[in-house]
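Everything below belongs to target_39.tsv, which stores TSV, C-alpha atoms and all ligand atoms.
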```tsv
chain	number	residue	atom	x	y	z
A	1	MET	CA	17.14	-22.69	10.83
A	2	PHE	CA	13.67	-21.55	9.71
A	3	ASP	CA	12.10	-22.79	6.48
A	4	CYS	CA	11.13	-19.21	5.75
A	5	ILE	CA	11.61	-15.78	7.27
A	6	ILE	CA	8.94	-13.29	6.25
A	7	ILE	CA	9.85	-9.62	6.43
A	8	GLY	CA	6.70	-7.51	6.77
A	9	GLY	CA	3.46	-8.36	8.54
A	10	GLY	CA	0.82	-6.66	6.42
A	11	PRO	CA	-1.87	-8.82	4.79
A	12	ALA	CA	0.70	-10.20	2.32
A	13	GLY	CA	3.16	-11.41	4.95
A	14	LEU	CA	0.46	-12.54	7.38
A	15	ASN	CA	-1.39	-14.65	4.82
A	16	ALA	CA	1.86	-16.19	3.61
A	17	ALA	CA	2.66	-17.11	7.23
A	18	LEU	CA	-0.73	-18.79	7.58
A	19	VAL	CA	-0.29	-20.89	4.42
A	20	LEU	CA	3.30	-21.86	5.32
A	21	GLY	CA	2.29	-22.65	8.91
A	22	ARG	CA	-0.56	-24.85	7.78
A	23	ALA	CA	1.96	-26.70	5.59
A	24	LYS	CA	3.86	-27.62	8.80
A	25	ARG	CA	6.72	-25.25	7.93
A	26	LYS	CA	8.84	-23.47	10.53
A	27	VAL	CA	8.17	-19.80	9.93
A	28	LEU	CA	9.43	-16.54	11.44
A	29	LEU	CA	7.53	-13.30	10.72
A	30	LEU	CA	9.43	-10.09	11.48
A	31	ASP	CA	7.32	-6.94	11.33
A	32	GLU	CA	8.00	-3.39	12.36
A	33	ASN	CA	4.22	-2.76	12.32
A	34	LYS	CA	4.19	0.47	10.33
A	35	PRO	CA	1.78	-0.47	7.52
A	36	ARG	CA	0.94	1.82	4.63
A	37	ASN	CA	-2.65	2.31	5.77
A	38	ALA	CA	-1.73	3.15	9.39
A	39	VAL	CA	-3.23	6.65	8.94
A	40	THR	CA	-6.73	5.33	8.20
A	41	HIS	CA	-9.54	4.61	10.67
A	42	ALA	CA	-11.27	1.97	8.58
A	43	SER	CA	-10.37	-0.37	5.72
A	44	HIS	CA	-12.91	-1.19	3.04
A	45	GLY	CA	-13.50	-3.71	0.29
A	46	PHE	CA	-12.25	-6.90	1.99
A	47	LEU	CA	-15.21	-9.28	2.03
A	48	THR	CA	-16.22	-10.17	5.64
A	49	ARG	CA	-13.93	-7.36	6.93
A	50	ASP	CA	-15.47	-4.30	5.25
A	51	GLY	CA	-15.01	-1.21	7.45
A	52	ILE	CA	-12.61	-2.91	9.87
A	53	LYS	CA	-10.01	-0.86	11.78
A	54	PRO	CA	-6.50	-1.68	10.49
A	55	SER	CA	-5.43	-2.63	14.05
A	56	ALA	CA	-8.43	-5.00	14.43
A	57	PHE	CA	-7.56	-6.62	11.11
A	58	LYS	CA	-4.08	-7.38	12.41
A	59	GLU	CA	-5.40	-8.70	15.73
A	60	ALA	CA	-7.73	-11.09	13.87
A	61	ALA	CA	-4.83	-12.23	11.68
A	62	TYR	CA	-2.58	-12.96	14.67
A	63	ALA	CA	-5.45	-14.85	16.34
A	64	ASP	CA	-5.40	-17.15	13.31
A	65	LEU	CA	-1.60	-17.56	13.39
A	66	ARG	CA	-1.64	-18.34	17.12
A	67	LYS	CA	-3.24	-21.74	16.31
A	68	TYR	CA	0.03	-22.89	14.71
A	69	PRO	CA	2.96	-23.38	17.12
A	70	ASN	CA	5.39	-23.63	14.19
A	71	ILE	CA	4.77	-19.93	13.35
A	72	GLU	CA	6.80	-17.43	15.39
A	73	TRP	CA	6.80	-13.66	15.13
A	74	ALA	CA	8.39	-10.56	16.57
A	75	GLN	CA	7.74	-6.85	16.29
A	76	VAL	CA	11.11	-5.60	15.13
A	77	ARG	CA	12.69	-3.78	12.22
A	78	VAL	CA	14.92	-5.84	9.94
A	79	GLY	CA	18.12	-3.97	9.09
A	80	ALA	CA	19.87	-6.26	6.61
A	81	MET	CA	20.00	-9.72	5.09
A	82	THR	CA	22.69	-11.69	3.33
A	83	LYS	CA	22.93	-14.85	1.28
A	84	GLU	CA	24.82	-17.68	2.98
A	85	GLN	CA	25.41	-21.40	2.48
A	86	GLY	CA	22.00	-23.14	2.34
A	87	GLY	CA	19.93	-19.97	2.64
A	88	PHE	CA	19.98	-16.51	4.14
A	89	SER	CA	20.77	-14.73	7.36
A	90	VAL	CA	18.61	-11.86	8.56
A	91	GLN	CA	19.76	-9.20	11.01
A	92	THR	CA	17.33	-7.13	13.04
A	93	GLU	CA	18.02	-3.61	14.20
A	94	THR	CA	18.05	-4.98	17.75
A	95	LYS	CA	21.08	-7.10	16.73
A	96	GLU	CA	19.51	-10.57	16.59
A	97	THR	CA	20.48	-12.79	13.66
A	98	TYR	CA	18.18	-15.48	12.26
A	99	HIS	CA	18.76	-18.04	9.50
A	100	ALA	CA	16.32	-19.40	6.93
A	101	ARG	CA	16.24	-21.42	3.75
A	102	LYS	CA	13.88	-18.95	2.06
A	103	ILE	CA	13.19	-15.24	2.41
A	104	LEU	CA	9.87	-13.52	1.69
A	105	LEU	CA	9.93	-9.76	1.15
A	106	ALA	CA	6.50	-8.31	2.06
A	107	THR	CA	7.63	-4.88	3.18
A	108	GLY	CA	5.12	-2.89	1.12
A	109	LEU	CA	5.25	0.63	-0.29
A	110	LYS	CA	5.36	4.12	1.22
A	111	ASP	CA	3.23	7.04	0.03
A	112	GLN	CA	4.95	10.30	-0.69
A	113	LEU	CA	2.42	13.13	-0.48
A	114	PRO	CA	2.65	16.31	-2.56
A	115	ASP	CA	4.39	19.18	-0.81
A	116	ILE	CA	1.25	21.10	0.27
A	117	ALA	CA	0.85	22.76	3.66
A	118	GLY	CA	-1.50	20.80	5.93
A	119	ILE	CA	-1.96	17.76	3.68
A	120	GLU	CA	-0.69	15.19	6.24
A	121	SER	CA	-3.46	16.07	8.72
A	122	PHE	CA	-6.18	15.12	6.20
A	123	TYR	CA	-4.57	12.08	4.56
A	124	GLY	CA	-6.40	8.94	5.64
A	125	SER	CA	-9.31	10.91	7.19
A	126	SER	CA	-10.87	12.93	4.36
A	127	LEU	CA	-8.21	12.73	1.64
A	128	PHE	CA	-7.38	9.31	0.23
A	129	PRO	CA	-5.35	7.71	-2.55
A	130	CYS	CA	-7.91	5.23	-3.90
A	131	PRO	CA	-11.64	5.61	-4.65
A	132	PHE	CA	-12.23	1.86	-4.55
A	133	CYS	CA	-11.09	1.95	-0.90
A	134	ASP	CA	-12.83	5.14	0.27
A	135	GLY	CA	-15.04	6.46	-2.56
A	136	TRP	CA	-18.30	5.20	-1.02
A	137	GLU	CA	-17.74	7.16	2.19
A	138	LEU	CA	-17.19	10.38	0.16
A	139	ARG	CA	-19.94	9.78	-2.39
A	140	ASP	CA	-21.95	12.75	-3.71
A	141	ARG	CA	-20.03	15.25	-1.58
A	142	PRO	CA	-18.06	18.32	-2.76
A	143	LEU	CA	-14.70	16.71	-3.60
A	144	VAL	CA	-11.28	17.68	-4.86
A	145	VAL	CA	-8.78	15.71	-6.91
A	146	ILE	CA	-5.22	16.89	-6.30
A	147	CYS	CA	-2.85	15.74	-9.01
A	148	LYS	CA	0.11	17.53	-10.56
A	149	ASP	CA	0.57	15.41	-13.69
A	150	GLU	CA	-1.18	13.48	-16.44
A	151	ARG	CA	-2.52	10.86	-14.06
A	152	VAL	CA	-5.32	13.41	-13.52
A	153	LEU	CA	-6.87	12.46	-16.86
A	154	HIS	CA	-7.66	9.02	-15.46
A	155	LEU	CA	-8.17	9.97	-11.81
A	156	GLY	CA	-10.45	12.98	-12.45
A	157	LYS	CA	-12.73	10.92	-14.69
A	158	LEU	CA	-12.76	8.00	-12.25
A	159	ILE	CA	-13.65	10.05	-9.15
A	160	TRP	CA	-16.55	11.58	-11.12
A	161	ASN	CA	-18.14	8.13	-10.71
A	162	TRP	CA	-18.52	8.86	-6.97
A	163	SER	CA	-19.30	12.59	-7.02
A	164	LYS	CA	-20.37	15.02	-9.74
A	165	ASP	CA	-19.44	17.96	-7.49
A	166	LEU	CA	-15.78	17.83	-8.37
A	167	VAL	CA	-12.85	20.26	-8.64
A	168	ILE	CA	-9.49	19.23	-10.09
A	169	CYS	CA	-6.43	21.02	-8.70
A	170	THR	CA	-3.13	20.67	-10.54
A	171	ASN	CA	-1.26	22.70	-7.89
A	172	GLY	CA	0.38	25.19	-10.20
A	173	GLN	CA	1.10	22.77	-13.08
A	174	ARG	CA	-0.33	23.84	-16.45
A	175	PHE	CA	-0.08	20.72	-18.61
A	176	LEU	CA	-3.77	20.20	-19.53
A	177	THR	CA	-4.75	21.08	-23.09
A	178	ASP	CA	-7.79	23.27	-23.81
A	179	GLU	CA	-9.51	20.18	-25.19
A	180	GLN	CA	-8.90	18.22	-21.98
A	181	LYS	CA	-10.17	21.09	-19.82
A	182	THR	CA	-13.26	21.44	-22.02
A	183	ALA	CA	-13.96	17.71	-21.64
A	184	PHE	CA	-13.82	18.02	-17.83
A	185	LEU	CA	-16.00	21.14	-17.90
A	186	ALA	CA	-18.55	19.43	-20.17
A	187	ASN	CA	-18.99	16.91	-17.35
A	188	GLY	CA	-19.34	19.59	-14.68
A	189	ILE	CA	-15.75	19.30	-13.40
A	190	LYS	CA	-13.97	22.59	-12.67
A	191	VAL	CA	-10.18	22.75	-13.16
A	192	ILE	CA	-8.03	25.07	-11.03
A	193	GLU	CA	-4.38	25.30	-12.10
A	194	GLU	CA	-3.26	27.77	-9.42
A	195	GLU	CA	-0.76	26.65	-6.78
A	196	ILE	CA	-2.38	25.47	-3.53
A	197	ALA	CA	-1.26	27.61	-0.58
A	198	ALA	CA	-2.86	25.45	2.14
A	199	LEU	CA	-5.47	22.87	2.95
A	200	GLU	CA	-7.59	23.85	5.94
A	201	GLY	CA	-10.04	22.11	8.25
A	202	GLU	CA	-10.32	20.45	11.66
A	203	ASP	CA	-9.74	16.99	13.12
A	204	GLY	CA	-8.78	15.52	9.76
A	205	GLN	CA	-11.89	16.91	8.06
A	206	LEU	CA	-11.00	19.01	5.02
A	207	GLN	CA	-13.10	22.18	4.75
A	208	ASN	CA	-11.29	24.72	2.66
A	209	ILE	CA	-8.59	25.00	-0.02
A	210	ARG	CA	-6.66	28.27	-0.20
A	211	PHE	CA	-4.74	29.10	-3.38
A	212	ALA	CA	-1.65	31.26	-3.89
A	213	ASP	CA	-3.67	33.80	-5.90
A	214	GLY	CA	-6.01	34.34	-2.94
A	215	GLN	CA	-9.07	32.39	-4.14
A	216	GLU	CA	-10.63	29.81	-1.79
A	217	ILE	CA	-12.99	26.89	-2.33
A	218	ASN	CA	-14.93	24.74	0.14
A	219	ARG	CA	-14.40	20.99	-0.22
A	220	GLU	CA	-15.37	18.16	2.14
A	221	GLY	CA	-12.82	15.62	1.00
A	222	GLY	CA	-11.15	14.13	-2.00
A	223	PHE	CA	-8.40	12.11	-3.56
A	224	VAL	CA	-4.74	12.80	-4.05
A	225	ALA	CA	-2.26	11.26	-6.49
A	226	VAL	CA	0.66	10.11	-4.34
A	227	ASP	CA	4.10	8.97	-5.44
A	228	LEU	CA	4.80	5.43	-4.31
A	229	GLN	CA	8.20	4.15	-3.25
A	230	GLN	CA	9.46	0.83	-1.94
A	231	ALA	CA	9.46	0.87	1.88
A	232	GLU	CA	12.77	-1.02	1.80
A	233	ALA	CA	15.61	-1.72	-0.64
A	234	PHE	CA	16.25	-5.35	0.39
A	235	GLY	CA	15.29	-6.59	-3.09
A	236	LYS	CA	17.94	-4.34	-4.66
A	237	ALA	CA	20.57	-5.47	-2.15
A	238	LEU	CA	19.82	-9.13	-2.93
A	239	GLY	CA	19.94	-8.51	-6.71
A	240	CYS	CA	16.24	-8.93	-7.57
A	241	THR	CA	14.92	-7.62	-10.88
A	242	TYR	CA	12.35	-4.81	-10.70
A	243	ASN	CA	9.44	-3.96	-13.04
A	244	GLU	CA	8.84	-0.59	-14.73
A	245	GLN	CA	6.74	0.70	-11.83
A	246	GLY	CA	9.54	-0.05	-9.37
A	247	GLY	CA	8.00	-3.24	-7.98
A	248	ILE	CA	9.96	-6.45	-7.39
A	249	LYS	CA	9.32	-8.69	-10.40
A	250	THR	CA	7.91	-12.14	-9.58
A	251	ASP	CA	6.29	-15.10	-11.25
A	252	PRO	CA	2.67	-15.95	-10.27
A	253	PHE	CA	3.95	-17.81	-7.17
A	254	GLY	CA	6.02	-14.86	-5.94
A	255	ARG	CA	9.43	-16.17	-7.03
A	256	THR	CA	11.83	-13.31	-7.77
A	257	SER	CA	14.81	-13.46	-10.14
A	258	VAL	CA	17.00	-14.56	-7.19
A	259	ALA	CA	16.66	-18.21	-6.11
A	260	GLY	CA	15.25	-18.50	-2.59
A	261	VAL	CA	13.97	-14.91	-2.48
A	262	TYR	CA	10.21	-14.31	-2.84
A	263	ALA	CA	8.08	-11.15	-2.81
A	264	SER	CA	4.37	-10.44	-2.37
A	265	GLY	CA	1.86	-7.67	-1.75
A	266	ASP	CA	2.38	-4.00	-2.55
A	267	THR	CA	6.11	-4.53	-2.85
A	268	THR	CA	5.57	-6.23	-6.23
A	269	PHE	CA	3.70	-3.08	-7.40
A	270	ASN	CA	2.07	-4.84	-10.34
A	271	GLY	CA	-1.42	-3.33	-10.34
A	272	PRO	CA	-3.97	-1.95	-7.90
A	273	GLN	CA	-3.00	-2.06	-4.23
A	274	GLN	CA	-5.56	-3.42	-1.82
A	275	LEU	CA	-5.57	-5.51	1.32
A	276	ILE	CA	-7.40	-8.40	-0.30
A	277	LEU	CA	-4.99	-8.45	-3.27
A	278	ALA	CA	-1.96	-8.37	-0.94
A	279	ALA	CA	-3.47	-11.20	1.13
A	280	ALA	CA	-4.16	-13.20	-2.04
A	281	GLU	CA	-0.56	-12.72	-3.21
A	282	GLY	CA	0.60	-13.79	0.24
A	283	SER	CA	-1.45	-16.94	-0.04
A	284	LYS	CA	0.00	-17.78	-3.48
A	285	VAL	CA	3.60	-17.10	-2.45
A	286	GLY	CA	3.12	-19.28	0.63
A	287	ALA	CA	2.13	-22.13	-1.65
A	288	GLY	CA	5.04	-21.37	-4.00
A	289	ILE	CA	7.57	-21.55	-1.18
A	290	VAL	CA	6.14	-24.88	0.05
A	291	ILE	CA	6.29	-26.30	-3.48
A	292	ASP	CA	9.94	-25.26	-3.83
A	293	LEU	CA	10.90	-26.65	-0.40
A	294	VAL	CA	9.24	-29.97	-1.19
A	295	ASP	CA	11.01	-30.09	-4.58
A	296	GLU	CA	14.35	-29.73	-2.81
A	297	GLU	CA	13.54	-32.38	-0.20
A	298	PHE	CA	11.76	-35.07	-2.25
N	1	LIG	C1	-4.51	5.98	3.22
N	1	LIG	C2	-4.68	4.58	2.71
N	1	LIG	C3	-5.91	3.96	2.80
N	1	LIG	C4	-6.08	2.66	2.33
N	1	LIG	N1	-7.30	2.09	2.44
N	1	LIG	C5	-7.49	0.83	1.98
N	1	LIG	C6	-8.77	0.22	2.09
N	1	LIG	O1	-9.73	0.81	2.60
N	1	LIG	N2	-8.91	-1.04	1.57
N	1	LIG	C7	-7.87	-1.71	0.98
N	1	LIG	O2	-8.07	-2.84	0.53
N	1	LIG	N3	-6.63	-1.15	0.89
N	1	LIG	C8	-6.42	0.10	1.37
N	1	LIG	N4	-5.18	0.68	1.27
N	1	LIG	C9	-4.08	-0.09	0.62
N	1	LIG	C10	-3.50	-1.12	1.59
N	1	LIG	O3	-3.12	-0.47	2.79
N	1	LIG	C11	-2.30	-1.82	0.98
N	1	LIG	O4	-2.59	-2.29	-0.31
N	1	LIG	C12	-1.89	-3.01	1.87
N	1	LIG	O5	-1.62	-2.58	3.18
N	1	LIG	C13	-0.67	-3.73	1.29
N	1	LIG	O6	-0.34	-4.79	2.13
N	1	LIG	P1	1.17	-5.32	2.23
N	1	LIG	O7	1.10	-6.49	3.15
N	1	LIG	O8	1.76	-5.50	0.90
N	1	LIG	O9	1.98	-4.10	2.90
N	1	LIG	P2	1.73	-3.30	4.25
N	1	LIG	O10	0.34	-3.47	4.74
N	1	LIG	O11	2.23	-1.93	4.01
N	1	LIG	O12	2.68	-4.06	5.28
N	1	LIG	C14	4.08	-3.99	5.18
N	1	LIG	C15	4.66	-4.26	6.55
N	1	LIG	O13	6.06	-4.43	6.43
N	1	LIG	C16	6.68	-3.81	7.53
N	1	LIG	N5	8.07	-3.50	7.22
N	1	LIG	C17	8.57	-2.68	6.27
N	1	LIG	N6	9.91	-2.65	6.34
N	1	LIG	C18	10.27	-3.46	7.36
N	1	LIG	C19	11.51	-3.83	7.94
N	1	LIG	N7	12.68	-3.36	7.50
N	1	LIG	N8	11.51	-4.68	8.99
N	1	LIG	C20	10.35	-5.18	9.49
N	1	LIG	N9	9.14	-4.85	8.98
N	1	LIG	C21	9.10	-4.00	7.93
N	1	LIG	C22	5.84	-2.54	7.74
N	1	LIG	O14	6.06	-1.97	9.02
N	1	LIG	C23	4.44	-3.09	7.53
N	1	LIG	O15	3.86	-3.56	8.74
N	1	LIG	C24	-4.98	1.97	1.74
N	1	LIG	C25	-3.73	2.60	1.66
N	1	LIG	C26	-3.58	3.89	2.13
N	1	LIG	C27	-2.23	4.55	2.04
```
Represent the structure contained in this file as structure tokens.
Ligand SMILES: Cc1cc2nc3c(=O)[nH]c(=O)nc-3n(C[C@H](O)[C@H](O)[C@H](O)COP(=O)(O)OP(=O)(O)OC[C@H]3O[C@@H](n4cnc5c(N)ncnc54)[C@H](O)[C@@H]3O)c2cc1C
Amino acid sequence: MFDCIIIGGGPAGLNAALVLGRAKRKVLLLDENKPRNAVTHASHGFLTRDGIKPSAFKEAAYADLRKYPNIEWAQVRVGAMTKEQGGFSVQTETKETYHARKILLATGLKDQLPDIAGIESFYGSSLFPCPFCDGWELRDRPLVVICKDERVLHLGKLIWNWSKDLVICTNGQRFLTDEQKTAFLANGIKVIEEEIAALEGEDGQLQNIRFADGQEINREGGFVAVDLQQAEAFGKALGCTYNEQGGIKTDPFGRTSVAGVYASGDTTFNGPQQLILAAAEGSKVGAGIVIDLVDEEF
């Protein structure tokens, strides 16, 4: 019986494992190793790790965990989990079953890209979801913002902080008012409402955007509004309450509405998503789980 099984080994799950391990707890981390940022070459904005390759970040994290013999891990996909007397049982897709007193869901989110020909080959190389992660690398270059709904009012204005050479593409959606378009134009931002036929370029480097009406524009990169979904539905299956954004609702220590089930990182979807924020949530939930275990034992 483990004190805690952590499902998901991104920064949230890894940092929780470290905190639990350092509290002498018997921990099992199960991770399929398909993180949200797998498409990127470098991660930014994490103090002391700025510009690190996602794979190097994980290697450094496991080097830290290796110091604690009470932390075990395996690269495997979890298929299901159920509540049982005294805790939970977790089944992997390779048919192993493990038991734990507490469960931490740190399975993250998945990005759903707009349905535009070629977009996958640029995502993570020259097209990104978040300017705080990749804006510096694209600063002052000819950029595009691809967004099909009202999020563009915020995103278009925000990206303008990094480059004044900006085109907004709504991909065929005509929801902007004349006033909103005039406000963009007054700040040098062009709006194109035509449908995008294809994104073109080489080796992940965006060069050209072709529209359905035949016009083309040259762009060197940009930002795209993605739709975010839970990577897994374990929270639903266990009966956890979700917030309006679709994140698992927790208290500040990562406790969900179901006793013994905790959540941290992107999966709580309660604000911006960044490695350092996920790691911080992982650290807090690790402490929360230790506090609850001690309360039960004391
Ligand atoms: C293109 C892109 C670029 C980004 N760049 C940056 C950046 O530069 N800086 C920054 O701070 N943030 C960046 N982010 C955001 C960052 O990747 C996330 O905020 C962060 O990874 C969230 O960490 P997490 O631990 O919650 O989830 P994740 O890192 O997504 O980890 C979740 C883990 O759970 C595993 N998992 C899921 N389901 C199962 C299952 N059933 N069984 C076992 N394992 C499972 C997954 O395989 C994965 O390894 C970027 C995101 C994207 C999409």
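Excluding range 39-54 of chain A itself and any same-chain residue fewer than 4 positions from it, the protein and nucleic acid residues within 6 Å of it, counting only C-alpha atoms, are Gly124, Cys133 and Ile276 of chain A.
Pairwise distance (atom C5 of ligand LIG 1 (chain N), CA of Asp134 in chain A) equals 7.1 Å.
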With only C-alpha atoms as the atoms that count, which of A:Trp73, A:Phe57, A:Tyr98, A:Phe2 lies nearest to Glu32 in chain A?
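Of A:Trp73, A:Phe57, A:Tyr98, A:Phe2, the one nearest Glu32 in chain A, counting only C-alpha atoms, is A:Trp73.
Minimum atom-to-atom distance to ligand LIG 1 (chain N), evaluated using all atoms listed in the file, belongs to A:Leu105 out of A:Leu105, A:Ile146, A:Leu65, A:Ile119.
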CA of Lys95 in chain A to CA of Val76 in chain A, distance in Å rounded to a single decimal:
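Distance between the two atoms: 10.2 Å.
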Figure out the distance between CA of Val152 in chain A and CA of Ala186 in chain A, please, to one decimal in Å.
16.0 Å
Listed atoms of ligand LIG 1 (chain N) boxed axis-aligned with 4 Å per side, centre + edges as AutoDock Vina command-line options:
```
--center_x 1.5 --center_y -0.3 --center_z 4.6 --size_x 30.4 --size_y 20.5 --size_z 17.8
```
Distance criterion (all atoms listed in the file): nearest to ligand LIG 1 (chain N) out of A:Thr170, A:Asn37, A:Ser257, A:Ser283:
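Result for the nearest residue to ligand LIG 1 (chain N): A:Asn37.
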Tell me, as an MDAnalysis selection string, which residues lie within 10 Å of Cys240 in chain A, counting only C-alpha atoms; anything in the same chain fewer than 2 positions away does not count.
chainID A and resid 234:238 242 248:250 255:259 261:263
With C-alpha atoms retained, write the just-selected residues as a PDB file, in the coordinates of the input.
```pdb
ATOM      1  CA  PHE A 234      16.250  -5.350   0.390  1.00  0.00           C
ATOM      2  CA  GLY A 235      15.290  -6.590  -3.090  1.00  0.00           C
ATOM      3  CA  LYS A 236      17.940  -4.340  -4.660  1.00  0.00           C
ATOM      4  CA  ALA A 237      20.570  -5.470  -2.150  1.00  0.00           C
ATOM      5  CA  LEU A 238      19.820  -9.130  -2.930  1.00  0.00           C
ATOM      6  CA  TYR A 242      12.350  -4.810 -10.700  1.00  0.00           C
ATOM      7  CA  ILE A 248       9.960  -6.450  -7.390  1.00  0.00           C
ATOM      8  CA  LYS A 249       9.320  -8.690 -10.400  1.00  0.00           C
ATOM      9  CA  THR A 250       7.910 -12.140  -9.580  1.00  0.00           C
ATOM     10  CA  ARG A 255       9.430 -16.170  -7.030  1.00  0.00           C
ATOM     11  CA  THR A 256      11.830 -13.310  -7.770  1.00  0.00           C
ATOM     12  CA  SER A 257      14.810 -13.460 -10.140  1.00  0.00           C
ATOM     13  CA  VAL A 258      17.000 -14.560  -7.190  1.00  0.00           C
ATOM     14  CA  ALA A 259      16.660 -18.210  -6.110  1.00  0.00           C
ATOM     15  CA  VAL A 261      13.970 -14.910  -2.480  1.00  0.00           C
ATOM     16  CA  TYR A 262      10.210 -14.310  -2.840  1.00  0.00           C
ATOM     17  CA  ALA A 263       8.080 -11.150  -2.810  1.00  0.00           C
TER      18      ALA A 263
END
```
Which residue is closest to Ala106 in chain A? Choose from A:Glu194, A:Asp178, A:Glu150, A:Glu232 and count all atoms listed in the file.
A:Glu232
Which residues are near Glu216 in chain A? Cut-off 12 Å, only C-alpha atoms, ignore same chain within fewer than 2 positions. Put them as a list in words.
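After dropping sequence-adjacent residues, the list is Val167, Cys169, Ile192, Glu194, Glu195, Ile196, Ala197, Ala198, Leu199, Glu200, Gln207, Asn208, Ile209, Arg210, Phe211, Ala212, Asp213, Gly214, Asn218 and Arg219 of chain A.
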Top pick for closest residue to ligand LIG 1 (chain N), considering A:Ser264, A:Gln173, A:Gln85, A:Asn270 and counting only C-alpha atoms and all ligand atoms:
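Checking each of A:Ser264, A:Gln173, A:Gln85, A:Asn270 against ligand LIG 1 (chain N), counting only C-alpha atoms and all ligand atoms, the winner is A:Ser264.
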Nearest residue to Asp227 in chain A from the set A:Gly271, A:Gly201, A:Gly87, A:Pro114 (distances using only C-alpha atoms):
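Checking each of A:Gly271, A:Gly201, A:Gly87, A:Pro114 against Asp227 in chain A, counting only C-alpha atoms, the winner is A:Pro114.
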With all heavy atoms as the goal, would you fill in the gaps in range 268-273 of chain A and present it as a PDB file, keeping the file's coordinate frame?
```pdb
ATOM      1  N   THR A 268       5.417  -5.802  -4.826  1.00  0.00           N
ATOM      2  CA  THR A 268       5.570  -6.230  -6.230  1.00  0.00           C
ATOM      3  C   THR A 268       4.975  -5.193  -7.191  1.00  0.00           C
ATOM      4  O   THR A 268       5.223  -5.258  -8.390  1.00  0.00           O
ATOM      5  CB  THR A 268       4.867  -7.588  -6.486  1.00  0.00           C
ATOM      6  OG1 THR A 268       3.467  -7.442  -6.257  1.00  0.00           O
ATOM      7  CG2 THR A 268       5.434  -8.678  -5.604  1.00  0.00           C
ATOM      8  N   PHE A 269       4.186  -4.254  -6.673  1.00  0.00           N
ATOM      9  CA  PHE A 269       3.700  -3.080  -7.400  1.00  0.00           C
ATOM     10  C   PHE A 269       3.318  -3.425  -8.844  1.00  0.00           C
ATOM     11  O   PHE A 269       3.841  -2.854  -9.798  1.00  0.00           O
ATOM     12  CB  PHE A 269       4.810  -2.021  -7.379  1.00  0.00           C
ATOM     13  CG  PHE A 269       4.304  -0.611  -7.574  1.00  0.00           C
ATOM     14  CD1 PHE A 269       5.161   0.474  -7.441  1.00  0.00           C
ATOM     15  CD2 PHE A 269       2.984  -0.342  -7.904  1.00  0.00           C
ATOM     16  CE1 PHE A 269       4.734   1.779  -7.612  1.00  0.00           C
ATOM     17  CE2 PHE A 269       2.531   0.957  -8.082  1.00  0.00           C
ATOM     18  CZ  PHE A 269       3.416   2.010  -7.946  1.00  0.00           C
ATOM     19  N   ASN A 270       2.402  -4.371  -8.998  1.00  0.00           N
ATOM     20  CA  ASN A 270       2.070  -4.840 -10.340  1.00  0.00           C
ATOM     21  C   ASN A 270       0.603  -4.623 -10.694  1.00  0.00           C
ATOM     22  O   ASN A 270       0.034  -5.323 -11.494  1.00  0.00           O
ATOM     23  CB  ASN A 270       2.420  -6.328 -10.482  1.00  0.00           C
ATOM     24  CG  ASN A 270       1.704  -7.153  -9.430  1.00  0.00           C
ATOM     25  OD1 ASN A 270       0.894  -6.612  -8.678  1.00  0.00           O
ATOM     26  ND2 ASN A 270       1.991  -8.438  -9.363  1.00  0.00           N
ATOM     27  N   GLY A 271      -0.019  -3.609 -10.057  1.00  0.00           N
ATOM     28  CA  GLY A 271      -1.420  -3.330 -10.340  1.00  0.00           C
ATOM     29  C   GLY A 271      -2.011  -2.571  -9.184  1.00  0.00           C
ATOM     30  O   GLY A 271      -1.286  -1.924  -8.423  1.00  0.00           O
ATOM     31  N   PRO A 272      -3.354  -2.651  -9.015  1.00  0.00           N
ATOM     32  CA  PRO A 272      -3.970  -1.950  -7.900  1.00  0.00           C
ATOM     33  C   PRO A 272      -3.450  -2.469  -6.558  1.00  0.00           C
ATOM     34  O   PRO A 272      -3.031  -3.632  -6.462  1.00  0.00           O
ATOM     35  CB  PRO A 272      -5.461  -2.269  -8.041  1.00  0.00           C
ATOM     36  CG  PRO A 272      -5.621  -3.011  -9.298  1.00  0.00           C
ATOM     37  CD  PRO A 272      -4.300  -3.432  -9.793  1.00  0.00           C
ATOM     38  N   GLN A 273      -3.467  -1.618  -5.547  1.00  0.00           N
ATOM     39  CA  GLN A 273      -3.000  -2.060  -4.230  1.00  0.00           C
ATOM     40  C   GLN A 273      -4.162  -2.086  -3.259  1.00  0.00           C
ATOM     41  O   GLN A 273      -4.757  -1.050  -2.980  1.00  0.00           O
ATOM     42  CB  GLN A 273      -1.915  -1.130  -3.674  1.00  0.00           C
ATOM     43  CG  GLN A 273      -0.671  -1.062  -4.516  1.00  0.00           C
ATOM     44  CD  GLN A 273      -0.557   0.245  -5.241  1.00  0.00           C
ATOM     45  OE1 GLN A 273      -0.888   1.280  -4.693  1.00  0.00           O
ATOM     46  NE2 GLN A 273      -0.107   0.202  -6.472  1.00  0.00           N
TER      47      GLN A 273
END
```
